[in-house]
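The structure under discussion appears below in the form of structure tokens.
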Amino acid sequence: MTRVLEVGDRVVFDDDEYQVAGLSGTTVRLVNSGGEPLAVSLVHLVGSDGFRIVGGGGAARSPGGLAGHGLDDLPREQAELARFWERHLVELETGLPPGAGPDGRPRPEYDPGLRPLSEREAAKAAELTAAGTPTSVRTVQRMRARYRSGGVRGLVDGRSARSTSVYGRTDERVVDAIRDALDGETRRSTGTRDRLRLRVEAILAERHGDGVVGLPSKATFNRLVSVMSTGRHTFGAATTRRSAANRPAGPFTATWASRPGQHVQIDTTPLDVLAVFDDGIARRIELTAGVDVATRTLTAGVLRPMGTKAVDASLLLARMLVPEPMRPGWAEALRMSVSRLPHRSLADIDARMEQAAAKPVIVPEMIGCDRGKVFLSETFVRSCETLGISLQPSHPRTPTDDSVIERTFQSINTLFCQHVAGYTGRDVTRRGAAVESEAVWSLAQLQDLFDEWVIHWQRRPHEGLLSPDSGRACSPNEMYAVLVSAAGYLPLMLTGEDYLELLPSHWRTINDYGVRIDRRTYDDRALNPYRRQHSGVTARGGAWEVRYDPYDLTQVFVRNHHDGGWIRAAWTHLPMVSAPFADFTWRHARQIVADSGPTEEPVETAAARALADLLDRAGTGPDTGPQAKADRKVAARTRAAVPGRPPSPPVDLGEVEPEDDFDDAAEMGTVIPFGVFDAAEEAQRWR
């Protein structure tokens, strides 16, 4: 910081003290304590021996400008009054008002060469009084002293410049207690102001003793609480209050990406829509979806019954990499070939685009997700590693890390869900009287409707995608067309084995009877050379990697660590069951066996028989008891979650000879069906 010589400064020159009365070019006009004027060159003044600034109206100044003289923070009337006094005091001191210029001449009554200071002060008091501002000589002297010591800021009325508390005259101890009580309400159920008042009283008594610090009246207390709780939702929804408390305390950077796939956010949320299951009961469903931050493209979305699994999130990654095919009944306007997307250029690179709908394929580079167990599971983490995708979990309790997908879910609710039959509203206070009777769509039908709606989303202008030139909101497809022209597009084709890599896994020993997982036994002739053999994976103790689909436990896939590839092994009790089943269906069947008491047959056989009976009777059984209702619920959830497959007739295990059963398993082991289609084959089919 440096000092700048200004009018009103007191300086030492030639061993005498002077006040700077005026500055004109390189000439400085000085006045000593006796009122004698002196003109001196600025260079000579500052270069003289013993020169220094000892005080006055000047202020410290940085190279950027004058500090301490701003009046912008004051009311306009107070700022104008301070500048009014400054003009008159500068004329009193120097003889010239501010801005008079080098050729200005002082008025006779204010000329320091003709009038002593006392006469100039009296003349200024008389002038101001005559102009309508009654002023005494003492007032002029007081204002002059304040100007010399504090500059223009010293002329401000201290009462207007005094800082006031937003809480008025309330005792600071009461304010601190209320602040602590409000903090304590964040995780509690929402209460009333009366409960908060009791909590504040308890805090004050604990800190200062009973009756030492009194509370203001109830009306004053409520007004104070209203001011202090602004934005905290203390007396509103508890979920909103907790979400607001999780917001970062300091400034945070908005999520940003400059090319498609650079940052994709995924999450799972319950949809405010009821789906009709096979048992005729309407139930809530969940949506797992991804959104590309750069283009706001909905990369993929999967609807499932409540209880999304890690394999659902893994298969969502696979769906991102496959173009959305046109479906029967979709309007021609939804084709990629008639959209804003660079269809011809993309189709030349990726043949799958030829008959695709108007939604781009986003190949993720990094995926952001919350810390839910689905996304931190070994299955999903391994799937990301297999596809070369970086996984970035959000910070704990920091919703702003995944703000884009959270806001997209709100848009899905308002733009899609509320227009679907069976819409429930976001909570019970907004739910209709008979929502269950309004629901008409099955889970598969809702999935088709959602996939079609996503194509319309891609064509809709998005407020988060503004053109830098015109400021116009662009659609996700328009933004993708702009960014892909600079970033390029490289398709990622998945084979059948790639899809297997996305499934959950167990490590098991191949025994004489095959492979056992959760009390189920899987076997195949192809396993013969590897029974009781070391897999070669020392870190796993020689166990073999087994992949399985949680929604279809009729088969597993064993990785051949010796010769490469996969070996399909069927469930040894598969002939007893007429349809694929999920892991939760198997657990329900085992619970039925456990509740029925001891049985003479093996547990696996008994569970298989109970499973077959459950799937056979749960949909149409006449029983209306609690157990039958639970059976129908599990069966309906199974049929909704498991992809449709042609049913096979049930076979009693007792009617099958062991060698025939083994031959059937060996025959089935030569075919490896997958729940999703191969991208390359699909492209050939579209030609």
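Every chain in the structure tokens has a letter given in the order shown (A, B, ...), and although residue numbers restart at 1 in each chain, ligands are simply numbered from 1 in the order shown.
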Run DSSP on the backbone and give me the residues of segment 276-469 of chain A it puts in strand (DSSP E or B), as an NGL selection string.
:A and (276 or 282-292 or 298-305 or 325 or 335 or 356-357 or 366-369 or 390-393 or 423 or 466)
Selection file, C-alpha atoms, as a PDB file, in the first residue's frame:
ATOM      1  CA  VAL A 276     -50.694 -53.833 -13.307  1.00  0.00           C
ATOM      2  CA  ALA A 282     -51.360 -52.549  -9.283  1.00  0.00           C
ATOM      3  CA  ARG A 283     -47.962 -51.885  -7.690  1.00  0.00           C
ATOM      4  CA  ARG A 284     -45.220 -49.258  -7.750  1.00  0.00           C
ATOM      5  CA  ILE A 285     -42.233 -49.718 -10.051  1.00  0.00           C
ATOM      6  CA  GLU A 286     -38.703 -48.315 -10.232  1.00  0.00           C
ATOM      7  CA  LEU A 287     -36.822 -46.577 -13.026  1.00  0.00           C
ATOM      8  CA  THR A 288     -33.080 -46.884 -13.481  1.00  0.00           C
ATOM      9  CA  ALA A 289     -31.918 -44.334 -16.037  1.00  0.00           C
ATOM     10  CA  GLY A 290     -28.862 -42.481 -17.270  1.00  0.00           C
ATOM     11  CA  VAL A 291     -28.489 -38.955 -18.633  1.00  0.00           C
ATOM     12  CA  ASP A 292     -25.579 -37.483 -20.568  1.00  0.00           C
ATOM     13  CA  LEU A 298     -31.572 -39.920 -21.788  1.00  0.00           C
ATOM     14  CA  THR A 299     -29.102 -42.647 -22.634  1.00  0.00           C
ATOM     15  CA  ALA A 300     -31.342 -45.517 -21.486  1.00  0.00           C
ATOM     16  CA  GLY A 301     -34.049 -46.336 -18.979  1.00  0.00           C
ATOM     17  CA  VAL A 302     -35.124 -49.657 -17.478  1.00  0.00           C
ATOM     18  CA  LEU A 303     -38.366 -50.215 -15.556  1.00  0.00           C
ATOM     19  CA  ARG A 304     -38.377 -52.935 -12.913  1.00  0.00           C
ATOM     20  CA  PRO A 305     -40.509 -54.007  -9.952  1.00  0.00           C
ATOM     21  CA  PRO A 325     -34.869 -49.440 -32.872  1.00  0.00           C
ATOM     22  CA  ARG A 335     -36.883 -41.873 -37.143  1.00  0.00           C
ATOM     23  CA  ALA A 356     -32.802 -46.457 -35.588  1.00  0.00           C
ATOM     24  CA  ALA A 357     -35.076 -44.023 -33.813  1.00  0.00           C
ATOM     25  CA  MET A 366     -17.193 -41.628 -16.843  1.00  0.00           C
ATOM     26  CA  ILE A 367     -20.307 -42.469 -14.860  1.00  0.00           C
ATOM     27  CA  GLY A 368     -21.358 -40.506 -11.802  1.00  0.00           C
ATOM     28  CA  CYS A 369     -23.681 -42.182  -9.320  1.00  0.00           C
ATOM     29  CA  SER A 390     -14.562 -44.766 -15.027  1.00  0.00           C
ATOM     30  CA  LEU A 391     -16.879 -44.828 -12.016  1.00  0.00           C
ATOM     31  CA  GLN A 392     -17.151 -41.710  -9.867  1.00  0.00           C
ATOM     32  CA  PRO A 393     -19.374 -42.087  -6.768  1.00  0.00           C
ATOM     33  CA  TYR A 423     -50.381 -41.780 -11.720  1.00  0.00           C
ATOM     34  CA  LEU A 466     -28.536 -22.694 -24.423  1.00  0.00           C
TER      35      LEU A 466
END
Please provide the set of residues having any atom within 12 Å of Ser33 of chain A, restricted to only C-alpha atoms, with same-chain residues fewer than 4 positions apart removed, written as a PyMOL selection string.
chain A and resi 10-12+16-21+37-38+93+112+116-118
Excluding same-chain residues fewer than 4 positions from Thr424 of chain A, what lies within 7 Å of it counting only C-alpha atoms, as a count of residues only?
5
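Closest approach to Met306 of chain A among A:Pro75, A:Pro216, A:Pro529, A:Pro270 is made by A:Pro270 (distances from only C-alpha atoms).
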Can you pull out every residue within 9 Å of Thr509 of chain A, counting only C-alpha atoms, but drop anything in the same chain fewer than 2 positions away, and send it as a list in words?
Trp507, Asn511, Gly514, Val515, Arg516, Arg531, Arg532, Gln533, His534, Ser535, Gly542, Ala543, Trp544 and Glu545 of chain A
Which residues, written as a ChimeraX atom specification, have at least one atom at most 12 Å from Val140 of chain A, with only C-alpha atoms counted and residues fewer than 2 positions away on the same chain left out?
/A:85-86,88-90,92-93,117-129,133-138,142-147,155
Which of segment 450-571 of chain A counts as alpha helix (DSSP H) under DSSP, as a PDB file with C-alpha atoms, in the first residue's frame please?
ATOM      1  CA  PHE A 450     -41.408 -44.761 -21.797  1.00  0.00           C
ATOM      2  CA  ASP A 451     -39.059 -45.714 -24.644  1.00  0.00           C
ATOM      3  CA  GLU A 452     -41.297 -43.859 -27.094  1.00  0.00           C
ATOM      4  CA  TRP A 453     -41.549 -40.820 -24.809  1.00  0.00           C
ATOM      5  CA  VAL A 454     -37.736 -40.650 -24.598  1.00  0.00           C
ATOM      6  CA  ILE A 455     -37.609 -40.036 -28.376  1.00  0.00           C
ATOM      7  CA  HIS A 456     -39.913 -37.049 -27.897  1.00  0.00           C
ATOM      8  CA  TRP A 457     -37.691 -35.863 -25.015  1.00  0.00           C
ATOM      9  CA  GLN A 458     -34.754 -35.829 -27.418  1.00  0.00           C
ATOM     10  CA  ARG A 459     -36.587 -33.372 -29.688  1.00  0.00           C
ATOM     11  CA  PRO A 476     -30.663 -32.854 -26.779  1.00  0.00           C
ATOM     12  CA  ASN A 477     -30.493 -34.033 -30.399  1.00  0.00           C
ATOM     13  CA  GLU A 478     -29.431 -30.577 -31.609  1.00  0.00           C
ATOM     14  CA  MET A 479     -26.728 -30.316 -28.954  1.00  0.00           C
ATOM     15  CA  TYR A 480     -25.481 -33.813 -29.793  1.00  0.00           C
ATOM     16  CA  ALA A 481     -25.276 -32.905 -33.489  1.00  0.00           C
ATOM     17  CA  VAL A 482     -23.111 -29.882 -32.640  1.00  0.00           C
ATOM     18  CA  LEU A 483     -20.788 -31.663 -30.200  1.00  0.00           C
ATOM     19  CA  VAL A 484     -20.353 -34.913 -32.142  1.00  0.00           C
ATOM     20  CA  SER A 485     -19.090 -32.949 -35.151  1.00  0.00           C
ATOM     21  CA  ALA A 486     -16.129 -31.873 -33.011  1.00  0.00           C
ATOM     22  CA  ALA A 487     -15.703 -34.888 -30.703  1.00  0.00           C
ATOM     23  CA  GLY A 496     -22.546 -62.440 -26.372  1.00  0.00           C
ATOM     24  CA  GLU A 497     -19.589 -62.969 -24.058  1.00  0.00           C
ATOM     25  CA  ASP A 498     -19.551 -59.257 -23.269  1.00  0.00           C
ATOM     26  CA  TYR A 499     -23.089 -59.527 -21.957  1.00  0.00           C
ATOM     27  CA  LEU A 500     -22.060 -62.426 -19.734  1.00  0.00           C
ATOM     28  CA  GLU A 501     -19.358 -60.214 -18.229  1.00  0.00           C
TER      29      GLU A 501
END
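Candidate residues A:Arg587, A:Arg520, A:His233, A:Arg352 were compared for distance to Gly191 of chain A, and the nearest is A:His233, using only C-alpha atoms.
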